[in-house]
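Okay, so here's the structure we're looking at.
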2 protein chains.
Amino acid sequence: MDKSLLELITSELHKRNMRLTMPRRRIMEIFALSGRLQTAQDLYLSAKKEGLPVGLTTIYRLLGILTEIGLARTYLLNGETKYIFCSPQHHHHLICTRCGMYREIFECLVLPMETTDFQPESHHLDFFGVCYNCAEKCKTAPKG
Amino acid sequence: MDKSLLELITSELHKRNMRLTMPRRRIMEIFALSGRLQTAQDLYLSAKKEGLPVGLTTIYRLLGILTEIGLARTYLLNGETKYIFCSPQHHHHLICTRCGMYREIFECLVLPMETTDFQPESHHLDFFGVCYNCAEKCKTAPKG
DNA sequence: TTATCTGCAAAAGGTTTGCAACTGA
DNA sequence: TCAGTTGCAAACCTTTTGCAGATAA
């Protein structure tokens, strides 16, 4: 994981009297490097698979913290709660509805909104579609 | 509730061998006219308050159907699952983070996204902020 | 050194399911 | 008429909480 990102996380944690522990660091790395939507269970199993002796509780607590800091976002897809690791900068998401992969784009594609009776404070834009890999798979193995 | 919307819903239900029952109709009206994010519980209580003898199960089942048809969308806010009633046309949402009120805007404010290795199929854009009423309240009763 | 964190087990609470009676088309 | 719907109660399962031992700063 990027060093400046780790420093940001550390400082955000310390601001809140929290600590950068080994389990937190390892789980965040797994999360950030996965590049796809993750459930708490997914992360738990990935951590186990990498030999990290972690509890589900710790995963939930970390996801709560990251969400609060703004480094994770929650989606409810197909009845499942999924988490995306988020860069600190403003960005949009391209999300593959087939495999759960996502990508961040940092160019803001939102036109200014003109209203007098609503004060916008932030916005979220997500594109849902098919990633390159899944599109290729469809070509070689068409369903039916 | 708008007549053409009701017809659309009816036809969507019939397409799936489903029926427009009295409870469904009443719950949808409450939902659509509320103009704010609703939990299943919220709708259940509103229905009860209006003298509709409905079960929570029916609410959940209806919300599932509406979501599938595209007439509802799910948000996970502050750990609560909230539902928005959605018009059939493409639209964005203005959501008040203070009171849960929302509004649809039908002008698409999203610039075309240029990528070769992702096929976008749809997008969701939500603006979060403060609605007129809440802004007024803040002026007259500043916190602190 | 000590406030914070961890993981287990247990509790909580939202959501789904099975089923017998009911109802829209 | 009868396939689909309803609401209750129970089951399910994800998420949270309490707590004693471990650990970052």
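By convention in this document, the chains of the structure tokens carry letters A, B, ... by their order, each chain's residues are numbered from 1, and ligands are numbered from 1 in the order they are shown.
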
Can you write out as a Markdown table which residues of chain B fall within 12 Å of chain A, alongside each residue's closest atom pair and its distance in Å to one decimal, counting only C-alpha atoms and ordering rows by chain and ascending residue number?
| residue | atom | partner | partner_atom | distance |
| --- | --- | --- | --- | --- |
| B:Tyr60 | CA | A:Gly79 | CA | 11.8 |
| B:Leu63 | CA | A:Gly79 | CA | 11.6 |
| B:Gly64 | CA | A:Gly79 | CA | 9.4 |
| B:Thr67 | CA | A:Asn78 | CA | 9.8 |
| B:Glu68 | CA | A:Asn78 | CA | 9.6 |
| B:Arg73 | CA | A:Leu76 | CA | 9.5 |
| B:Thr74 | CA | A:Leu76 | CA | 6.7 |
| B:Tyr75 | CA | A:Leu76 | CA | 6.7 |
| B:Leu76 | CA | A:Leu76 | CA | 6.6 |
| B:Leu77 | CA | A:Thr74 | CA | 8.5 |
| B:Asn78 | CA | A:Glu68 | CA | 9.7 |
| B:Gly79 | CA | A:Thr74 | CA | 9.3 |
| B:Glu80 | CA | A:Leu76 | CA | 10.7 |
| B:Thr81 | CA | A:Leu76 | CA | 8.3 |
| B:Lys82 | CA | A:Leu76 | CA | 10.1 |
| B:Tyr83 | CA | A:Leu76 | CA | 11.0 |
| B:His92 | CA | A:Leu125 | CA | 9.7 |
| B:His93 | CA | A:His123 | CA | 9.6 |
| B:Leu94 | CA | A:Phe118 | CA | 7.7 |
| B:Ile95 | CA | A:Pro120 | CA | 8.6 |
| B:Cys96 | CA | A:Phe118 | CA | 8.1 |
| B:Thr97 | CA | A:Glu121 | CA | 9.4 |
| B:Arg98 | CA | A:Gln119 | CA | 11.6 |
| B:Met101 | CA | A:Phe118 | CA | 10.8 |
| B:Tyr102 | CA | A:Phe118 | CA | 10.0 |
| B:Arg103 | CA | A:Phe118 | CA | 9.6 |
| B:Glu104 | CA | A:Phe118 | CA | 11.9 |
| B:Ile105 | CA | A:Met113 | CA | 9.7 |
| B:Phe106 | CA | A:Met113 | CA | 11.6 |
| B:Glu107 | CA | A:Met113 | CA | 9.6 |
| B:Cys108 | CA | A:Leu111 | CA | 8.8 |
| B:Leu109 | CA | A:Leu111 | CA | 5.0 |
| B:Val110 | CA | A:Val110 | CA | 4.9 |
| B:Leu111 | CA | A:Leu109 | CA | 5.0 |
| B:Pro112 | CA | A:Leu109 | CA | 7.5 |
| B:Met113 | CA | A:Leu109 | CA | 7.5 |
| B:Glu114 | CA | A:Leu109 | CA | 10.4 |
| B:Thr115 | CA | A:Leu94 | CA | 10.1 |
| B:Thr116 | CA | A:Tyr132 | CA | 8.3 |
| B:Asp117 | CA | A:Tyr132 | CA | 4.8 |
| B:Phe118 | CA | A:Cys131 | CA | 4.6 |
| B:Gln119 | CA | A:Val130 | CA | 5.1 |
| B:Pro120 | CA | A:Gly129 | CA | 4.2 |
| B:Glu121 | CA | A:Gly129 | CA | 4.6 |
| B:Ser122 | CA | A:Phe128 | CA | 5.3 |
| B:His123 | CA | A:Phe127 | CA | 4.3 |
| B:His124 | CA | A:Asp126 | CA | 5.4 |
| B:Leu125 | CA | A:Leu125 | CA | 4.4 |
| B:Asp126 | CA | A:His124 | CA | 5.3 |
| B:Phe127 | CA | A:His123 | CA | 4.3 |
| B:Phe128 | CA | A:Ser122 | CA | 5.3 |
| B:Gly129 | CA | A:Pro120 | CA | 4.2 |
| B:Val130 | CA | A:Gln119 | CA | 5.1 |
| B:Cys131 | CA | A:Phe118 | CA | 4.6 |
| B:Tyr132 | CA | A:Asp117 | CA | 4.8 |
| B:Asn133 | CA | A:Asp117 | CA | 8.5 |
| B:Cys134 | CA | A:Phe118 | CA | 9.5 |
| B:Ala135 | CA | A:Gln119 | CA | 8.2 |
| B:Glu136 | CA | A:Asp117 | CA | 10.1 |

Can you list, as a list in words, every protein, DNA or RNA residue that comes within 12 Å of DA10 of chain C when you count only C-alpha atoms (C1' of nucleotides), leaving out same-chain residues fewer than 6 positions away?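 Skipping anything fewer than 6 positions along the chain leaves DT16, DT17, DG18 and DC19 of chain D.
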
At a cut-off of 12 Å, which residues of chain B touch chain C? Count only C-alpha atoms (C1' of nucleotides) and give the answer as a tab-separated table (two decimals) with N, CA and C atoms, in the first residue's frame.
chain	number	residue	atom	x	y	z
B	14	HIS	N	-47.91	-7.63	-13.60
B	14	HIS	CA	-48.55	-8.68	-14.39
B	14	HIS	C	-47.56	-9.44	-15.25
B	17	ASN	N	-46.40	-12.21	-13.39
B	17	ASN	CA	-47.45	-13.01	-12.75
B	17	ASN	C	-47.72	-12.57	-11.31
B	18	MET	N	-47.63	-11.28	-11.11
B	18	MET	CA	-47.90	-10.76	-9.77
B	18	MET	C	-49.13	-9.88	-9.83
B	19	ARG	N	-49.71	-9.62	-8.66
B	19	ARG	CA	-50.97	-8.89	-8.62
B	19	ARG	C	-50.87	-7.58	-7.88
B	20	LEU	N	-51.66	-6.62	-8.34
B	20	LEU	CA	-51.74	-5.36	-7.62
B	20	LEU	C	-52.80	-5.52	-6.54
B	21	THR	N	-52.37	-5.80	-5.35
B	21	THR	CA	-53.33	-6.00	-4.26
B	21	THR	C	-53.54	-4.69	-3.52
B	22	MET	N	-54.53	-4.70	-2.67
B	22	MET	CA	-54.85	-3.49	-1.92
B	22	MET	C	-53.68	-3.07	-1.02
B	23	PRO	N	-53.13	-4.01	-0.23
B	23	PRO	CA	-52.00	-3.59	0.62
B	23	PRO	C	-50.83	-3.03	-0.20
B	24	ARG	N	-50.50	-3.67	-1.31
B	24	ARG	CA	-49.40	-3.18	-2.13
B	24	ARG	C	-49.66	-1.77	-2.61
B	39	THR	N	-37.13	3.54	5.96
B	39	THR	CA	-36.75	2.18	6.30
B	39	THR	C	-38.02	1.32	6.20
B	40	ALA	N	-37.85	0.01	6.20
B	40	ALA	CA	-39.01	-0.88	6.18
B	40	ALA	C	-39.89	-0.59	7.39
B	41	GLN	N	-39.26	-0.40	8.51
B	41	GLN	CA	-39.97	-0.05	9.75
B	41	GLN	C	-40.79	1.22	9.61
B	56	LEU	N	-45.09	-6.56	8.51
B	56	LEU	CA	-43.75	-6.14	8.07
B	56	LEU	C	-43.30	-6.98	6.88
B	57	THR	N	-43.64	-8.24	6.90
B	57	THR	CA	-43.26	-9.14	5.82
B	57	THR	C	-43.72	-8.62	4.46
B	58	THR	N	-44.93	-8.13	4.43
B	58	THR	CA	-45.48	-7.61	3.17
B	58	THR	C	-44.69	-6.39	2.70
B	59	ILE	N	-44.30	-5.56	3.63
B	59	ILE	CA	-43.47	-4.40	3.29
B	59	ILE	C	-42.17	-4.86	2.65
B	60	TYR	N	-41.50	-5.78	3.31
B	60	TYR	CA	-40.22	-6.27	2.78
B	60	TYR	C	-40.40	-6.88	1.40
B	61	ARG	N	-41.46	-7.65	1.24
B	61	ARG	CA	-41.66	-8.29	-0.06
B	61	ARG	C	-41.92	-7.25	-1.14
B	63	LEU	N	-40.94	-4.08	-1.14
B	63	LEU	CA	-39.71	-3.33	-1.40
B	63	LEU	C	-38.78	-4.14	-2.31
B	64	GLY	N	-38.77	-5.44	-2.11
B	64	GLY	CA	-37.96	-6.31	-2.97
B	64	GLY	C	-38.42	-6.24	-4.41
B	79	GLY	N	-25.67	3.06	8.84
B	79	GLY	CA	-25.94	1.69	9.24
B	79	GLY	C	-27.39	1.25	9.05
B	80	GLU	N	-28.22	2.13	8.49
B	80	GLU	CA	-29.62	1.77	8.27
B	80	GLU	C	-29.90	1.59	6.78
B	81	THR	N	-30.70	0.58	6.47
B	81	THR	CA	-31.10	0.36	5.09
B	81	THR	C	-32.29	1.24	4.79

Report as a ChimeraX atom specification: the residues of segment 32-112 of chain A with a DSSP assignment of strand (DSSP E or B), based on the backbone of this structure. /A:36,38,72-77,80-85,92-96,101-105,110

Export, as a short mmCIF file (atom, residue, chain, number, x, y, z; two decimals), in the first residue's frame, the selected residues with N, CA, C and O atoms.
data_model
loop_
_atom_site.label_atom_id
_atom_site.label_comp_id
_atom_site.auth_asym_id
_atom_site.auth_seq_id
_atom_site.Cartn_x
_atom_site.Cartn_y
_atom_site.Cartn_z
N ARG A 36 -11.71 -4.85 -5.64
CA ARG A 36 -13.11 -5.17 -5.85
C ARG A 36 -13.96 -5.00 -4.60
O ARG A 36 -13.44 -4.86 -3.50
N GLN A 38 -16.05 -5.79 -1.53
CA GLN A 38 -15.83 -6.85 -0.55
C GLN A 38 -16.89 -6.83 0.54
O GLN A 38 -17.26 -5.78 1.02
N ALA A 72 -13.66 4.37 2.98
CA ALA A 72 -14.43 3.23 2.50
C ALA A 72 -15.85 3.70 2.25
O ALA A 72 -16.31 4.67 2.87
N ARG A 73 -16.52 3.04 1.32
CA ARG A 73 -17.91 3.37 1.05
C ARG A 73 -18.71 2.08 0.99
O ARG A 73 -18.19 1.04 0.60
N THR A 74 -19.96 2.18 1.37
CA THR A 74 -20.80 1.01 1.51
C THR A 74 -21.83 0.94 0.39
O THR A 74 -22.43 1.95 0.06
N TYR A 75 -22.02 -0.21 -0.16
CA TYR A 75 -23.04 -0.43 -1.17
C TYR A 75 -23.90 -1.61 -0.76
O TYR A 75 -23.39 -2.58 -0.20
N LEU A 76 -25.19 -1.51 -1.07
CA LEU A 76 -26.08 -2.62 -0.83
C LEU A 76 -26.43 -3.18 -2.20
O LEU A 76 -27.23 -2.60 -2.94
N LEU A 77 -25.81 -4.28 -2.57
CA LEU A 77 -26.03 -4.87 -3.89
C LEU A 77 -26.51 -6.30 -3.74
O LEU A 77 -25.87 -7.10 -3.05
N GLU A 80 -26.60 -7.73 -0.38
CA GLU A 80 -25.37 -7.90 0.39
C GLU A 80 -24.71 -6.54 0.64
O GLU A 80 -24.66 -5.70 -0.25
N THR A 81 -24.18 -6.37 1.83
CA THR A 81 -23.45 -5.15 2.15
C THR A 81 -22.03 -5.29 1.66
O THR A 81 -21.29 -6.17 2.10
N LYS A 82 -21.65 -4.43 0.73
CA LYS A 82 -20.31 -4.50 0.14
C LYS A 82 -19.55 -3.22 0.42
O LYS A 82 -20.14 -2.14 0.44
N TYR A 83 -18.25 -3.36 0.58
CA TYR A 83 -17.41 -2.21 0.86
C TYR A 83 -16.42 -1.97 -0.27
O TYR A 83 -15.90 -2.92 -0.85
N ILE A 84 -16.18 -0.69 -0.55
CA ILE A 84 -15.16 -0.29 -1.51
C ILE A 84 -14.13 0.53 -0.76
O ILE A 84 -14.48 1.42 0.02
N PHE A 85 -12.87 0.21 -0.99
CA PHE A 85 -11.81 1.05 -0.43
C PHE A 85 -11.70 2.30 -1.29
O PHE A 85 -11.63 2.22 -2.51
N HIS A 92 -14.92 9.15 -8.88
CA HIS A 92 -16.11 8.36 -9.20
C HIS A 92 -15.69 6.90 -9.32
O HIS A 92 -14.51 6.58 -9.39
N HIS A 93 -16.67 6.02 -9.38
CA HIS A 93 -16.38 4.60 -9.49
C HIS A 93 -16.92 4.01 -10.77
O HIS A 93 -18.03 4.33 -11.20
N LEU A 94 -16.12 3.14 -11.38
CA LEU A 94 -16.61 2.26 -12.42
C LEU A 94 -16.72 0.89 -11.77
O LEU A 94 -15.72 0.35 -11.28
N ILE A 95 -17.91 0.35 -11.73
CA ILE A 95 -18.13 -0.91 -11.02
C ILE A 95 -18.63 -1.98 -11.97
O ILE A 95 -19.64 -1.77 -12.67
N CYS A 96 -17.96 -3.09 -12.02
CA CYS A 96 -18.39 -4.19 -12.87
C CYS A 96 -19.47 -4.99 -12.14
O CYS A 96 -19.23 -5.53 -11.06
N MET A 101 -15.38 -6.12 -9.66
CA MET A 101 -14.17 -5.28 -9.78
C MET A 101 -14.60 -3.81 -9.86
O MET A 101 -15.69 -3.50 -10.33
N TYR A 102 -13.76 -2.90 -9.39
CA TYR A 102 -14.07 -1.49 -9.55
C TYR A 102 -12.80 -0.71 -9.88
O TYR A 102 -11.68 -1.20 -9.66
N ARG A 103 -13.00 0.48 -10.40
CA ARG A 103 -11.87 1.37 -10.67
C ARG A 103 -12.28 2.78 -10.30
O ARG A 103 -13.45 3.14 -10.43
N GLU A 104 -11.32 3.56 -9.84
CA GLU A 104 -11.63 4.95 -9.52
C GLU A 104 -11.24 5.83 -10.70
O GLU A 104 -10.23 5.58 -11.34
N ILE A 105 -12.05 6.85 -11.01
CA ILE A 105 -11.62 7.86 -11.98
C ILE A 105 -11.64 9.20 -11.28
O ILE A 105 -12.55 9.52 -10.52
N VAL A 110 -19.26 15.60 -13.33
CA VAL A 110 -20.57 16.11 -12.93
C VAL A 110 -20.68 17.61 -13.22
O VAL A 110 -19.84 18.40 -12.77
#

Two-atom distance - atom CA of Met28 of chain A, atom CA of Leu6 of chain A (Å):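 Separating atom CA of Met28 of chain A from atom CA of Leu6 of chain A is a distance of 9.4 Å.
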
May I have the residues of chain D within 8 Å of chain B, counting only C-alpha atoms (C1' of nucleotides), written as a list in words? DG4, DT5, DT6 and DG7 of chain D

So which bits of segment 13-143 of chain B end up alpha helix (DSSP H) when you DSSP the backbone, as a VMD selection string? chain B and resid 13 to 15 22 to 34 40 to 49 56 to 69 132 to 140
